[in-house]
Structure formats: structure tokens, C-alpha cells
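One structure below.
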Amino acid sequence: MTLDDLRVFVAVCRAGSLSAVARELSCTQSAVSQHVKRLEREIGTDLVERHPRGVVPTQAGRLLQTAAADGIAGLDVALRRLADLVRGDGGSVRITTGATTVRHFMSAAVVEFRRRHPRVSLEFQTENSSRSCFDALAAHDLDLAWITIGAPVRGVEQRPVIDLPWVLAVHADDPLATRSRIETRDLAGIRHIRLPENSTSRARLDAAFAEWGIHVTSDTGVADWDTAILLAELGLGHAVVPALPGWSGSAHPSLCFVPIPDLPALSAGWAVRKWDALSPLARAFADLVAARSGQGALPGQRRSVRAGTAHRGGARPT
């Protein structure tokens, strides 16, 4: 059993496909299969079930995947820090996050961090959902993940930083734009621009709609919150979205963002494998982002972006 065998096996379990891992590693599918078979011979049992459309880990495979993923991720981080120490450079901080997170929550912190630590490399890996961020955090040598706080995930610590109230983004000419707040009944008779299908925010919203008995009419779905806002600005529907800090001022002059106070706020923040094991640089970046995005909040000290009365040009933080 080698470290490479375990790395390939974890990648196969994550991807559910031998061919996908072969493409990722620029090798043959047969080479990937040999890594898995070598582990199976040494352990003495099947680790994956092979199906026409891919592979899934067996019970034994799931046990090995969990243990190996935790160990490899920690080892990769340690090896990277050792390499930084040997080279004598400033080191690096690696973050996984959604496509629009840097602009909304991190832009000021990135500038300040670079000023304080000019020799440190900030590296960002984009994922399309919090679930994907959790998977990337477990599978790669990443330090931090910015996510929508959700249910507990094994082997991951979540630290809420900021609470985001919900607002309805409507074109300024829409009758709902004159309202000071949106009631539950107002959400039933409008055309919705749906949030990303696999996102935590979409799941929370769908659960609330189901509880209220609201049937959503929609023929438009998007990949991220910013696209939902753009389509609402074009008059293609109404977007129920979290009130993000980056939507303040005159960013969207033809839109109104009307508060929906009955919807529980959406929490966002950091996810890490183990907070106490973070490097000093990664901890410094996490604290700086929390301070900037949360108006002075540090991890564990959540702040809120409040949506007060309806206004044009963004969900103004107060």
C-alpha cells in the first residue's frame, strides 16, 4: 500500500469514475484501476463496486476513504508548509469558495492582507456549492472554505461570521418595489428566478416555501446569486436573495431590494478541517475577512447585514 494508492482511491470515491480520475491525473484508466486493485489485494476485500456508469465505494471502501482523506489532507498541508519553510518564501494560503464570494466578502480583506503580507500567496479555488467546498476541503491541501453554514459535516468545523437577511430583488417599475416589506403571501403570485439548484441557500428557500404552502412558478434558474440579480434587473422575474454587502450604493440603480422579514437569515462563514491546526497566516486571513465582511466580527462573533426599508441600488448594510 502506497500513499499514491490511497490518493488515487480517494479521488475515485470522490469522482465516482475511474475515467474521470484518469483524465485528472493524465494517466490511463488501467493505471487508476491498478491502484485500487492493489489496495483491495492487500486489504483482502472489495473496496468499490463497479457499475456501467461508474463506481461506488463498498462499506469497507467508505471506511478507508474517510480515514485516508483525513490523513492525506493533513499530510498535504504539512508538506506544503515544510516546503515553504525550506524555500524560505512567504508561504501561501489556499481558499475554496463560490464564484462571487471574493467580490462580496473578501475584496477589502485581500487588499489589506496583501499589504500586511506582501510575500504570501493567496490562492483561490472556485466551487459551485458549499457541498463542493466541503469535498474540496477534505480532498485537497486547502486551508479554508467560505460556505453557507449548514448541517454538521463530519471532519469539518464551521464558524459562522455573518448573518444575511433575505430580500426580494425587483425592478424599480414593479408594483412590489413600493412596498416597505414583502409578506409571505406576496411570494405566491410572482415569477421566481431560482437560486442554484444544489446550493444551501436554494434548499433553505425551498424548505420555507414548502412550509408556507407556496408553489413557485419559474422557468429561469441561475448558477449564482449575482446572475439572479442581473436577470431581475433585466425584468425577467423576481429574485429572493440574501442581502449581500457588495450590493450597496449605486451598483444596481434600476433595482429595489425589499426586505422579507419572515425568512430566517442565512449564515455564512468559514469551514476548516480543524481550526486549531490552521497556520498563523491562514488564521490571520480568516480573521481579517471576518472583520471586514462582518463589520468587525471575528470568528465566533457573528454580525448581521440588516435589510431595513426598501431602497434602490442594493441591500445596504447598516
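Letters A, B, ... mark the chains of the C-alpha cells in the order given; residue numbers begin at 1 per chain; ligand numbers begin at 1, in order shown.
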Write out as a ChimeraX atom specification each polymer residue whose atoms come within 6 Å of segment 189-195 of chain A, counting only C-alpha atoms; drop sequence neighbours fewer than 3 positions from it.
/A:202,217-218,220-222,237-239
Can I get the selected residues back with N, CA and C atoms, as a compact mmCIF listing (two decimals), in the first residue's frame?
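For reference, result-v2.txt as written:
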```txt
# COMPACT_ATOMS: atom_id res chain seq x y z
N ARG A 202 -30.64 27.72 -1.79
CA ARG A 202 -31.83 27.22 -2.50
C ARG A 202 -32.58 26.22 -1.63
N THR A 217 -43.55 29.38 -9.26
CA THR A 217 -43.61 29.35 -10.71
C THR A 217 -42.31 29.93 -11.26
N SER A 218 -41.59 29.12 -12.02
CA SER A 218 -40.30 29.59 -12.54
C SER A 218 -39.89 28.79 -13.76
N THR A 220 -36.76 29.94 -14.96
CA THR A 220 -35.43 30.51 -15.01
C THR A 220 -34.62 30.08 -13.79
N GLY A 221 -33.47 29.46 -14.04
CA GLY A 221 -32.56 29.10 -12.96
C GLY A 221 -31.20 29.71 -13.24
N VAL A 222 -30.41 29.89 -12.20
CA VAL A 222 -29.12 30.56 -12.34
C VAL A 222 -28.04 29.76 -11.63
N GLY A 237 -37.94 38.53 -14.00
CA GLY A 237 -38.56 37.86 -12.86
C GLY A 237 -38.17 38.52 -11.57
N HIS A 238 -38.51 37.85 -10.47
CA HIS A 238 -38.20 38.34 -9.13
C HIS A 238 -37.21 37.39 -8.48
N ALA A 239 -36.22 37.93 -7.77
CA ALA A 239 -35.20 37.10 -7.16
C ALA A 239 -35.24 37.26 -5.65
```
Close residues, Val156 of chain A itself excluded, 9 Å, only C-alpha atoms, min 4 positions apart in chain, as a list in words
Phe134, Leu137, Ala138, Pro152, Ala271, Val272, Arg273 and Lys274 of chain A
I want to know what sits within 9 Å of segment 27-32 of chain A, based on only C-alpha atoms, with residues of the same chain fewer than 3 positions away left out; could you give that as a ChimeraX atom specification?
/A:5,8-9,12,18-24,35-37
To test your reading of the structure, identify every residue in segment 27-262 of chain A that backbone DSSP assigns to strand (DSSP E), and report it as a PyMOL selection string.
chain A and resi 48-51+54-57+92-97+121-126+144-148+157-164+166-171+191-194+217-221+239-242+255-259
Residues within 10 Å of Val55 of chain A, only C-alpha atoms, excluding chain neighbours under 4 positions, as a PyMOL selection string:
chain A and resi 12-18+47-51
Pick from A:Asp206, A:Asp276, A:Asp163, A:Asp287: nearest to Leu244 of chain A, with only C-alpha atoms counted?
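Residue with the minimum atom-to-atom distance to Leu244 of chain A: A:Asp163.
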I need the residues of segment 81-290 of chain A that end up classed as helix (DSSP H, G or I) by DSSP on the backbone, written out as a ChimeraX atom specification.
/A:81-87,101-116,130-139,175-178,184-187,200-212,225-233,245-247,275-277,280-290
At what distance in Å, to one decimal, does atom CA of Ser121 of chain A lie from atom CA of Asp4 of chain A?
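Separation between atom CA of Asp4 of chain A and atom CA of Ser121 of chain A: 26.8 Å.
Checking A:Leu234, A:Ala151, A:Trp146, A:Pro196 one by one against Gly269 of chain A, counting only C-alpha atoms, you find the shortest gap at A:Trp146.
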So, with only C-alpha atoms as the atoms that count, which of A:Leu122, A:Val289, A:Ala109, A:Leu205 lies closest to Gly91 of chain A?
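Residue with the minimum atom-to-atom distance to Gly91 of chain A: A:Leu122.
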Neighbours of segment 125-131 of chain A within 9 Å (only C-alpha atoms; same-chain residues fewer than 6 positions away dropped), as a list in words?
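Skipping anything fewer than 6 positions along the chain leaves Arg94, Ile95, Thr96, Thr97, Gly98, Ala99, Leu142, Ala145, Trp146, Ile147, Thr148, Ile149, Gly150, Pro196, Asn198, Ser199, Thr200, Ala223 and Asp224 of chain A.
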Hey, can you check how far atom CA of Phe257 of chain A sits from atom CA of Thr184 of chain A?
15.6 Å
Pairwise distance for atom CA of Trp270 of chain A and atom CA of Ala290 of chain A, rounded to one decimal in Å
8.7 Å
With distances taken over only C-alpha atoms, which residue among A:Ser267, A:Cys256, A:Val216, A:Arg62 lies nearest Arg185 of chain A?
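Among the listed residues, the smallest separation from Arg185 of chain A belongs to A:Val216.
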Selected residue of minimal separation from Asp262 of chain A among A:Val170, A:Ala207, A:Val110, A:Ile182, counting only C-alpha atoms
A:Ile182
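Taking only C-alpha atoms into account, Asp174 of chain A lies nearest to A:Val258 out of the set A:Val258, A:Ala203, A:Phe209, A:Arg154.
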